[in-house]
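**Q** Dropping in run_12.csv, with CSV, C-alpha atoms.
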chain,number,residue,atom,x,y,z
A,1,MET,CA,-8.1,-5.4,-12.6
A,2,ASN,CA,-6.2,-7.8,-10.2
A,3,ASP,CA,-6.3,-5.5,-7.2
A,4,ILE,CA,-5.9,-7.4,-3.9
A,5,THR,CA,-5.1,-4.4,-1.7
A,6,SER,CA,-8.0,-5.1,0.7
A,7,LYS,CA,-7.2,-8.8,1.0
A,8,LEU,CA,-3.4,-8.5,1.5
A,9,ILE,CA,-2.4,-10.1,4.8
A,10,ASN,CA,-0.1,-8.0,7.1
A,11,LEU,CA,2.3,-10.4,8.8
A,12,GLY,CA,4.0,-7.6,10.7
A,13,ILE,CA,7.5,-6.0,11.0
A,14,PRO,CA,9.8,-8.7,12.4
A,15,MET,CA,13.0,-6.6,12.8
A,16,SER,CA,13.6,-4.2,15.7
A,17,LYS,CA,15.4,-1.5,13.9
A,18,ASP,CA,14.9,2.1,12.9
A,19,VAL,CA,13.0,2.7,9.6
A,20,TYR,CA,15.8,2.7,7.0
A,21,PRO,CA,17.6,-0.5,8.2
A,22,ARG,CA,14.2,-2.3,8.0
A,23,ASN,CA,14.5,-2.2,4.2
A,24,VAL,CA,14.0,-5.8,3.0
A,25,TRP,CA,17.0,-6.1,0.7
A,26,ASP,CA,16.4,-9.7,-0.1
A,27,MET,CA,14.1,-12.6,0.7
A,28,GLN,CA,14.9,-16.3,0.1
A,29,LEU,CA,12.9,-19.5,0.4
A,30,PHE,CA,14.9,-22.1,2.2
A,31,ASN,CA,13.8,-25.4,3.9
A,32,GLY,CA,10.1,-24.3,3.7
A,33,LYS,CA,10.8,-21.0,5.4
A,34,ILE,CA,11.1,-17.4,4.1
A,35,TYR,CA,14.4,-15.8,5.2
A,36,ILE,CA,14.7,-12.0,5.3
A,37,GLY,CA,17.7,-9.8,4.6
A,38,TYR,CA,17.8,-6.2,6.1
A,39,GLY,CA,20.1,-3.7,7.8
A,40,ASN,CA,22.3,-0.8,6.9
A,41,SER,CA,26.0,-1.2,6.2
A,42,SER,CA,26.5,2.5,5.3
A,43,ASN,CA,28.5,4.8,7.5
A,44,GLY,CA,26.2,7.6,6.7
A,45,GLN,CA,22.7,8.5,7.9
A,46,PRO,CA,20.1,7.5,8.5
A,47,SER,CA,20.8,4.8,11.1
A,48,PRO,CA,24.4,4.0,10.0
A,49,ASN,CA,26.0,0.7,10.8
A,50,ALA,CA,22.8,-0.9,12.0
A,51,GLY,CA,24.1,-4.3,13.2
A,52,PRO,CA,24.3,-6.8,14.7
A,53,ILE,CA,21.6,-8.3,12.5
A,54,SER,CA,19.4,-11.1,13.6
A,55,VAL,CA,18.8,-13.9,11.0
A,56,ILE,CA,15.0,-14.0,10.9
A,57,TYR,CA,12.7,-16.2,8.9
A,58,TYR,CA,8.9,-16.6,8.6
A,59,ASP,CA,7.6,-20.1,9.2
A,60,PRO,CA,4.3,-20.5,7.2
A,61,VAL,CA,3.3,-23.6,9.1
A,62,ALA,CA,3.7,-22.0,12.5
A,63,ALA,CA,2.6,-18.7,11.1
A,64,LYS,CA,5.2,-16.7,13.0
A,65,PHE,CA,8.6,-15.1,12.7
A,66,ILE,CA,11.6,-16.9,14.3
A,67,THR,CA,15.1,-15.6,15.0
A,68,GLN,CA,17.6,-18.3,14.2
A,69,LEU,CA,20.9,-16.5,15.1
A,70,THR,CA,22.6,-13.1,15.4
A,71,ALA,CA,25.2,-12.2,12.8
A,72,ASP,CA,28.1,-9.9,13.5
A,73,GLU,CA,27.2,-7.8,10.4
A,74,GLU,CA,25.7,-4.4,9.8
A,75,GLU,CA,23.4,-5.7,7.1
A,76,ILE,CA,22.2,-8.9,5.3
A,77,ALA,CA,22.0,-7.9,1.6
A,78,VAL,CA,22.1,-11.2,-0.2
A,79,LEU,CA,20.7,-14.7,0.5
A,80,LYS,CA,21.6,-17.5,-1.8
A,81,ILE,CA,20.9,-21.2,-2.0
A,82,ILE,CA,24.1,-23.2,-2.9
A,83,ALA,CA,24.2,-27.0,-2.9
A,84,GLY,CA,21.2,-27.3,-0.6
A,85,ASN,CA,22.5,-24.8,2.0
A,86,LEU,CA,21.7,-21.1,2.6
A,87,TYR,CA,24.7,-18.8,2.2
A,88,ILE,CA,24.8,-15.3,3.7
A,89,PRO,CA,27.7,-13.2,2.5
A,90,GLY,CA,29.0,-10.9,5.2
A,91,ILE,CA,28.6,-7.5,3.6
A,92,ASP,CA,30.1,-5.5,6.5
A,93,THR,CA,31.6,-7.4,9.4
A,94,ARG,CA,31.7,-5.7,12.9
A,95,GLU,CA,34.9,-7.6,13.8
A,96,GLY,CA,37.6,-5.9,11.7
A,97,TRP,CA,38.6,-6.3,8.1
A,98,SER,CA,41.5,-8.8,8.3
A,99,PHE,CA,38.9,-11.4,7.3
A,100,GLY,CA,35.5,-11.4,5.7
A,101,ASN,CA,32.7,-13.6,6.8
A,102,LEU,CA,30.5,-16.2,5.1
A,103,TRP,CA,27.5,-17.7,7.0
A,104,VAL,CA,26.3,-21.1,6.0
A,105,LEU,CA,22.9,-22.3,7.2
A,106,ARG,CA,22.1,-26.1,7.0
A,107,PRO,CA,18.6,-27.6,6.4
A,108,ASN,CA,18.8,-29.4,9.8
A,109,GLY,CA,18.9,-26.0,11.5
A,110,GLY,CA,22.6,-25.9,12.2
A,111,TYR,CA,24.9,-23.2,10.8
A,112,GLU,CA,28.6,-22.4,10.3
A,113,LYS,CA,30.3,-19.1,10.4
A,114,LEU,CA,33.3,-19.0,8.1
A,115,ARG,CA,35.5,-16.1,9.2
A,116,THR,CA,38.1,-17.2,6.7
A,117,ILE,CA,38.3,-14.8,3.7
A,118,PRO,CA,41.5,-12.8,4.0
A,119,ASN,CA,41.6,-9.1,3.2
A,120,ALA,CA,37.9,-9.1,2.3
A,121,GLU,CA,36.4,-5.9,3.7
A,122,HIS,CA,32.9,-6.5,2.2
A,123,VAL,CA,31.7,-9.9,1.0
A,124,LEU,CA,29.1,-9.1,-1.6
A,125,ASP,CA,28.1,-12.3,-3.4
A,126,VAL,CA,29.0,-15.9,-3.7
A,127,ALA,CA,28.4,-18.7,-6.2
A,128,LEU,CA,29.5,-22.3,-6.8
A,129,TYR,CA,31.4,-23.3,-10.0
A,130,ASN,CA,33.3,-26.5,-10.7
A,131,ASP,CA,32.9,-27.5,-7.0
A,132,LYS,CA,34.6,-24.3,-5.9
A,133,LEU,CA,33.2,-21.3,-4.1
A,134,PHE,CA,33.8,-17.9,-5.7
A,135,CYS,CA,33.3,-14.7,-3.7
A,136,GLY,CA,33.0,-11.2,-5.0
A,137,ASN,CA,34.4,-8.8,-2.4
A,138,GLY,CA,34.2,-5.0,-2.1
A,139,ALA,CA,37.7,-3.8,-1.2
A,140,THR,CA,40.0,-0.9,-1.3
A,141,SER,CA,43.7,-0.8,-2.3
A,142,ALA,CA,45.7,-4.0,-2.0
A,143,ARG,CA,42.6,-6.0,-1.1
A,144,TRP,CA,41.2,-9.1,-2.8
A,145,ASN,CA,38.2,-8.5,-5.1
A,146,VAL,CA,37.6,-12.1,-6.1
A,147,THR,CA,38.5,-15.1,-3.9
A,148,VAL,CA,38.2,-18.8,-4.6
A,149,SER,CA,37.8,-21.7,-2.2
A,150,PRO,CA,38.3,-25.4,-3.1
A,151,ASP,CA,37.2,-26.7,0.3
A,152,GLY,CA,33.9,-25.2,1.1
A,153,GLY,CA,35.1,-21.9,2.3
A,154,HIS,CA,37.7,-23.0,4.8
A,155,THR,CA,40.7,-21.7,2.8
A,156,TRP,CA,40.8,-19.1,0.0
A,157,GLN,CA,43.0,-18.0,-2.9
A,158,ALA,CA,43.1,-14.6,-4.5
A,159,LYS,CA,42.1,-14.7,-8.2
A,160,ALA,CA,41.8,-11.0,-8.9
A,161,ASN,CA,43.4,-8.2,-6.9
A,162,ASN,CA,41.8,-4.8,-7.7
A,163,PHE,CA,40.6,-6.2,-11.0
A,164,ASN,CA,38.2,-3.3,-11.6
A,165,ALA,CA,40.1,-0.6,-9.7
A,166,CYS,CA,36.6,0.6,-8.5
A,167,GLU,CA,36.3,-1.3,-5.3
A,168,MET,CA,33.4,-3.7,-5.9
A,169,GLY,CA,32.9,-7.3,-7.1
A,170,SER,CA,29.2,-7.0,-6.9
A,171,ALA,CA,27.5,-10.0,-8.6
A,172,VAL,CA,28.7,-13.5,-9.0
A,173,PHE,CA,26.8,-16.0,-11.2
A,174,VAL,CA,27.1,-18.9,-13.7
A,175,TYR,CA,26.0,-18.3,-17.3
A,176,LYS,CA,26.6,-20.4,-20.4
A,177,GLY,CA,29.0,-22.7,-18.5
A,178,LYS,CA,31.2,-19.9,-17.2
A,179,LEU,CA,31.5,-18.1,-13.8
A,180,TYR,CA,31.2,-14.3,-13.9
A,181,CYS,CA,32.0,-11.7,-11.2
A,182,SER,CA,31.0,-8.2,-12.2
A,183,SER,CA,32.4,-4.9,-11.2
A,184,ILE,CA,30.2,-1.9,-10.6
A,185,PHE,CA,29.5,0.0,-13.8
A,186,PHE,CA,30.4,3.7,-14.2
A,187,TYR,CA,28.3,6.0,-16.4
A,188,TYR,CA,31.4,6.4,-18.6
A,189,ASP,CA,33.1,3.6,-20.5
A,190,ILE,CA,36.8,3.8,-20.1
A,191,ASP,CA,39.3,1.5,-18.4
A,192,PRO,CA,39.6,0.3,-15.7
A,193,ALA,CA,35.9,0.4,-15.0
A,194,ASN,CA,33.1,-2.0,-16.2
A,195,ASN,CA,34.9,-5.3,-16.0
A,196,PHE,CA,34.0,-9.0,-15.4
A,197,LEU,CA,36.2,-11.7,-14.0
A,198,VAL,CA,35.5,-14.8,-16.1
A,199,ALA,CA,36.2,-18.4,-15.0
A,200,ASP,CA,36.1,-20.9,-17.9
A,201,GLY,CA,37.0,-24.2,-16.4
A,202,ASP,CA,40.4,-23.6,-14.7
A,203,THR,CA,41.2,-20.6,-16.9
A,204,ILE,CA,40.5,-17.2,-15.3
A,205,THR,CA,40.6,-13.9,-17.2
A,206,VAL,CA,39.3,-10.4,-16.9
A,207,ILE,CA,37.3,-8.8,-19.7
A,208,HIS,CA,36.2,-5.2,-20.3
A,209,VAL,CA,32.6,-4.6,-21.4
A,210,ASN,CA,30.6,-1.6,-22.6
A,211,GLY,CA,28.2,-0.7,-19.8
A,212,LYS,CA,25.8,0.9,-22.3
A,213,LYS,CA,25.3,-2.6,-23.9
A,214,MET,CA,24.7,-4.3,-20.6
A,215,PHE,CA,22.3,-1.6,-19.4
A,216,PRO,CA,20.8,0.0,-22.6
A,217,GLY,CA,18.9,3.3,-21.9
A,218,MET,CA,20.2,3.5,-18.3
A,219,MET,CA,23.8,4.5,-18.3
A,220,GLY,CA,24.5,8.2,-17.8
A,221,GLY,CA,23.9,11.2,-15.5
A,222,GLY,CA,27.0,10.7,-13.3
A,223,ILE,CA,25.5,7.7,-11.5
A,224,SER,CA,27.1,4.3,-11.0
A,225,TYR,CA,25.2,1.0,-11.5
A,226,LYS,CA,25.4,-2.7,-10.8
A,227,MET,CA,23.8,-6.0,-11.7
A,228,LEU,CA,21.4,-7.6,-9.2
A,229,ARG,CA,19.2,-10.7,-9.0
A,230,THR,CA,20.8,-12.5,-11.9
A,231,GLN,CA,18.8,-15.5,-13.1
A,232,VAL,CA,19.0,-17.9,-16.0
A,233,LEU,CA,15.8,-19.0,-17.8
A,234,ASN,CA,15.8,-20.9,-21.1
A,235,GLY,CA,19.5,-20.2,-21.6
A,236,LYS,CA,19.0,-16.5,-21.3
A,237,LEU,CA,20.2,-14.2,-18.5
A,238,ILE,CA,17.7,-11.9,-16.8
A,239,TYR,CA,18.8,-9.3,-14.3
A,240,LEU,CA,18.1,-6.0,-12.7
A,241,GLY,CA,20.1,-2.9,-13.4
A,242,VAL,CA,20.1,-0.8,-10.3
A,243,LYS,CA,21.6,2.6,-9.3
A,244,ILE,CA,24.1,2.4,-6.5
A,245,ALA,CA,22.9,4.4,-3.5
A,246,ASN,CA,24.1,5.0,0.1
A,247,ALA,CA,27.5,3.3,-0.4
A,248,MET,CA,26.7,-0.4,-1.3
A,249,GLN,CA,22.9,-0.3,-1.5
A,250,TRP,CA,20.7,0.3,-4.5
A,251,ASN,CA,17.6,1.9,-6.0
A,252,PRO,CA,15.6,0.2,-8.7
A,253,GLU,CA,15.9,1.2,-12.3
A,254,GLY,CA,15.6,-1.4,-15.2
A,255,LEU,CA,15.0,-5.0,-16.1
A,256,PHE,CA,17.2,-6.6,-18.8
A,257,ILE,CA,17.6,-9.8,-20.8
A,258,LEU,CA,20.8,-11.1,-22.5
A,259,ASN,CA,20.7,-13.8,-25.2
A,260,GLY,CA,24.4,-13.8,-26.1
A,261,ASP,CA,27.6,-13.8,-24.3
A,262,ILE,CA,28.4,-11.3,-21.5
A,263,GLY,CA,29.4,-8.0,-23.1
A,264,SER,CA,27.0,-8.4,-26.1
A,265,GLN,CA,24.0,-6.3,-26.6
A,266,ALA,CA,21.3,-6.8,-24.0
A,267,ASN,CA,17.6,-5.7,-24.3
A,268,ARG,CA,15.6,-3.8,-21.8
A,269,ILE,CA,12.3,-5.6,-21.0
A,270,ALA,CA,9.1,-3.5,-21.2
A,271,LEU,CA,6.6,-4.7,-18.6
A,272,PRO,CA,2.9,-4.5,-19.3
A,273,VAL,CA,2.5,-1.3,-17.2
A,274,THR,CA,4.5,1.6,-18.5
A,275,GLY,CA,7.1,3.3,-16.4
A,276,VAL,CA,7.2,0.9,-13.4
A,277,LEU,CA,10.5,0.2,-11.6
A,278,PRO,CA,11.3,-3.6,-11.2
A,279,THR,CA,12.7,-4.6,-7.8
A,280,ASP,CA,13.1,-8.4,-7.7
A,281,ILE,CA,13.2,-11.6,-9.8
A,282,VAL,CA,12.2,-15.1,-8.8
A,283,VAL,CA,12.3,-18.2,-11.1
A,284,ARG,CA,10.2,-21.3,-10.5
A,285,SER,CA,10.7,-24.0,-13.0
A,286,ASN,CA,10.0,-22.4,-16.4
A,287,THR,CA,8.3,-19.4,-15.0
A,288,VAL,CA,9.9,-16.1,-14.0
A,289,TYR,CA,8.2,-13.6,-11.6
A,290,VAL,CA,9.1,-10.0,-11.4
A,291,SER,CA,7.9,-7.4,-8.9
A,292,ALA,CA,7.6,-3.7,-9.8
A,293,PHE,CA,6.0,-0.5,-8.6
A,294,ASP,CA,4.8,2.9,-9.8
A,295,ILE,CA,6.8,5.6,-8.0
A,296,ASN,CA,4.0,8.1,-8.3
A,297,THR,CA,1.2,6.0,-6.8
A,298,TYR,CA,3.1,3.3,-5.0
A,299,THR,CA,1.0,0.7,-6.8
A,300,ASN,CA,2.9,-2.5,-6.5
A,301,TYR,CA,2.7,-5.2,-9.3
A,302,MET,CA,3.6,-8.8,-9.8
A,303,PHE,CA,4.2,-10.0,-13.3
A,304,LYS,CA,5.1,-13.4,-14.8
A,305,SER,CA,6.4,-14.9,-18.0
A,306,THR,CA,7.4,-18.3,-19.4
A,307,ASP,CA,9.3,-17.0,-22.4
A,308,LEU,CA,10.7,-13.6,-21.3
A,309,VAL,CA,8.7,-12.0,-24.2
A,310,ASN,CA,5.1,-12.1,-23.1
A,311,TRP,CA,4.3,-10.9,-19.6
A,312,ASN,CA,1.1,-11.1,-17.6
A,313,GLU,CA,0.0,-9.2,-14.5
A,314,ILE,CA,-0.8,-11.6,-11.6
A,315,PHE,CA,-1.9,-9.0,-9.0
A,316,ARG,CA,-1.4,-5.5,-7.8
A,317,PHE,CA,-1.8,-3.6,-4.5
A,318,THR,CA,-1.5,-0.1,-3.4
A,319,SER,CA,0.7,1.0,-0.4
A,320,ASN,CA,2.5,4.0,0.8
A,321,THR,CA,5.9,2.5,-0.2
A,322,PHE,CA,7.2,-0.3,-2.4
A,323,ALA,CA,8.1,-4.0,-2.2
A,324,ARG,CA,11.9,-4.3,-2.5
A,325,SER,CA,11.9,-8.1,-2.5
A,326,PHE,CA,9.6,-11.1,-2.5
A,327,GLU,CA,9.3,-14.8,-2.4
A,328,GLU,CA,6.8,-17.5,-3.6
A,329,LEU,CA,5.8,-20.7,-1.9
A,330,ASN,CA,2.9,-22.9,-3.1
A,331,GLY,CA,1.4,-20.0,-4.9
A,332,ASP,CA,1.5,-17.7,-1.9
A,333,PHE,CA,3.6,-14.6,-2.4
A,334,TYR,CA,5.5,-12.9,0.5
A,335,LEU,CA,6.5,-9.3,-0.1
A,336,GLY,CA,9.1,-7.3,2.0
A,337,MET,CA,8.6,-3.5,2.0
A,338,GLY,CA,11.4,-1.0,1.6
A,339,CYS,CA,11.9,2.8,1.2
A,340,TYR,CA,14.2,5.4,-0.2
A,341,ILE,CA,16.8,7.1,1.9
A,342,ASN,CA,15.0,10.5,1.4
A,343,ASN,CA,11.5,9.1,2.1
A,344,LEU,CA,11.5,7.2,5.3
A,345,VAL,CA,8.1,5.4,5.5
A,346,ALA,CA,7.0,3.7,8.8
A,347,THR,CA,5.7,0.6,7.1
A,348,THR,CA,9.2,-0.2,5.8
A,349,GLY,CA,10.1,-3.7,6.9
A,350,THR,CA,6.5,-4.9,6.8
A,351,ILE,CA,6.0,-8.4,5.4
A,352,TYR,CA,2.8,-8.9,3.5
A,353,LYS,CA,1.3,-12.2,2.2
A,354,ALA,CA,-0.7,-12.4,-1.0
A,355,ALA,CA,-2.5,-15.8,-0.6
A,356,ALA,CA,-2.8,-18.1,-3.6
A,357,LYS,CA,-6.6,-18.3,-3.2
A,358,VAL,CA,-7.0,-14.5,-3.3
A,359,ILE,CA,-4.7,-14.2,-6.3
A,360,LYS,CA,-6.7,-16.9,-8.2
A,361,GLU,CA,-10.0,-15.2,-7.3
A,362,SER,CA,-8.7,-11.8,-8.5
A,363,GLU,CA,-7.5,-13.3,-11.9
A,364,GLN,CA,-11.0,-14.8,-12.4
A,365,ARG,CA,-12.8,-11.5,-11.9
Represent the structure from my file as structure tokens, please.

**A**
Amino acid sequence: MNDITSKLINLGIPMSKDVYPRNVWDMQLFNGKIYIGYGNSSNGQPSPNAGPISVIYYDPVAAKFITQLTADEEEIAVLKIIAGNLYIPGIDTREGWSFGNLWVLRPNGGYEKLRTIPNAEHVLDVALYNDKLFCGNGATSARWNVTVSPDGGHTWQAKANNFNACEMGSAVFVYKGKLYCSSIFFYYDIDPANNFLVADGDTITVIHVNGKKMFPGMMGGGISYKMLRTQVLNGKLIYLGVKIANAMQWNPEGLFILNGDIGSQANRIALPVTGVLPTDIVVRSNTVYVSAFDINTYTNYMFKSTDLVNWNEIFRFTSNTFARSFEELNGDFYLGMGCYINNLVATTGTIYKAAAKVIKESEQR
């Protein structure tokens, strides 16, 4: 058994917030550093509207956490590498909703705040397609759900206004040569829910899909869902299906793979340990890593696959809560701990390191 609990390195809790806003919603390797997304954009308890949020990274060479800047946001939920820069969508600005924010961090340490997205109450995700930036925005009536910028985020055009009539443009990604922006998915399957905006070259359309095909075995029970952590490996789309919780946040549920076009039948991936909940996906070359945990024991697992069919356990460790997100650098794994809204655990926000040497030794036992 690849149990490394006793050899896990506790790097500490870098954010000075209450327990719930310390949830590590995302981690991203950028310029040799591990960036950390956290906070609480919800208006509800616990610890509502937890900003401003410091942009913090862990420097493995210096072996310390460093604060790079302070963002006028309640939460950092998504961190994405685009054209060599780190993009941070402004999920909930503290400056009013006439414009939404997009933060761009450069490899040289500089950054740019683009407060330029008109009528974008919540900027949820961003992707580059055909040299244009596409943003998925959470918005209410008469707001812009999908915006497009031809000039690096300085000016924007509306490409879908209330395209899903359910407020969210939650995941933006490129798959099979097209750009997709997803709505949230309701447990029922009637218009106008469960849509994708599709950019195919310069042609933009909106398609309706069956959520039960995208999330087999998950839809139902009066709960809304969304896609998260979309990644492409060997021409296939792998993604998390998560339950929407606490407004725009999420609880883990399932891991899925899609071979065909968006809207065709996806398959739910069965990991080697039965019943675990997947929380994050990282792709390195031709290998995909997935973190997951057992909700009864809080045993956390790391799995890997090169073909999305055969999965191997790399390591496991036991905690009093679960790793929401992780990153990998030179064989070392960095894990950011989270918690549920109804189970506030003091270790939330802890960053652990699983060293490559320890992992290799555990695999050889």

**Q** To one decimal in Å, tell me the separation between CA of Lys236 in chain A and CA of Asn310 in chain A.

**A**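 Interatomic distance, CA of Lys236 in chain A to CA of Asn310 in chain A: 14.7 Å.
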
**Q** Just how far from CA of Arg316 in chain A is CA of Ser362 in chain A, in Å to one decimal?

**A**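 Distance reported for this atom pair: 9.7 Å.
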
**Q** Pick out the closest residue to Val283 in chain A from this set: A:Cys135, A:Glu328, A:Ser264, A:His154. Count all atoms listed in the file.

**A**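 Closest candidate: A:Glu328.
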
**Q** Name the closest residue to Asn101 in chain A among the candidates A:Asp131, A:Asn145, A:Gly153, A:Tyr340; distances are taken between atoms, counting all atoms listed in the file.

**A**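 Nearest candidate to Asn101 in chain A out of A:Asp131, A:Asn145, A:Gly153, A:Tyr340: A:Gly153.
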
**Q** Give the answer as one residue: which of A:Gly84, A:Gly12, A:Pro48, A:Pro60 has the shortest atom-to-atom distance to Tyr35 in chain A, using only C-alpha atoms?

**A**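 Of A:Gly84, A:Gly12, A:Pro48, A:Pro60, the one nearest Tyr35 in chain A is A:Pro60, counting only C-alpha atoms.
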
**Q** At what distance in Å, to one decimal, does CA of Ile36 in chain A lie from CA of Glu327 in chain A?

**A**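 Distance reported for this atom pair: 9.8 Å.
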
**Q** For each of A:Trp97, A:Tyr111, A:Phe186, A:Tyr180, take the minimum atom-to-atom distance to Asn85 in chain A, counting all atoms listed in the file, then give the residue where this is smallest.

**A**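 Counting all atoms listed in the file, the residue closest to Asn85 in chain A is A:Tyr111.
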
**Q** Smallest atom-to-atom distance to Asp18 in chain A: which of A:Leu258, A:Lys357, A:Gln157, A:Ala346, using only C-alpha atoms?

**A**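 Using only C-alpha atoms, Asp18 in chain A sits closest to A:Ala346.
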
**Q** Identify which of the residues A:Pro278, A:Gly338, A:Gly136, A:Gly110 lies closest to Gly37 in chain A, counting all atoms listed in the file when measuring atom-to-atom distances.

**A**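 Of A:Pro278, A:Gly338, A:Gly136, A:Gly110, the one nearest Gly37 in chain A is A:Gly338, counting all atoms listed in the file.
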
**Q** Tell me which protein, DNA and RNA residues are within 8 Å of Val282 in chain A, counting all atoms listed in the file, leaving out same-chain ones fewer than 4 positions away, and put them as a list in words.

**A** Gln231, Val288, Tyr289, Val290, Phe326, Glu327 and Glu328 of chain A
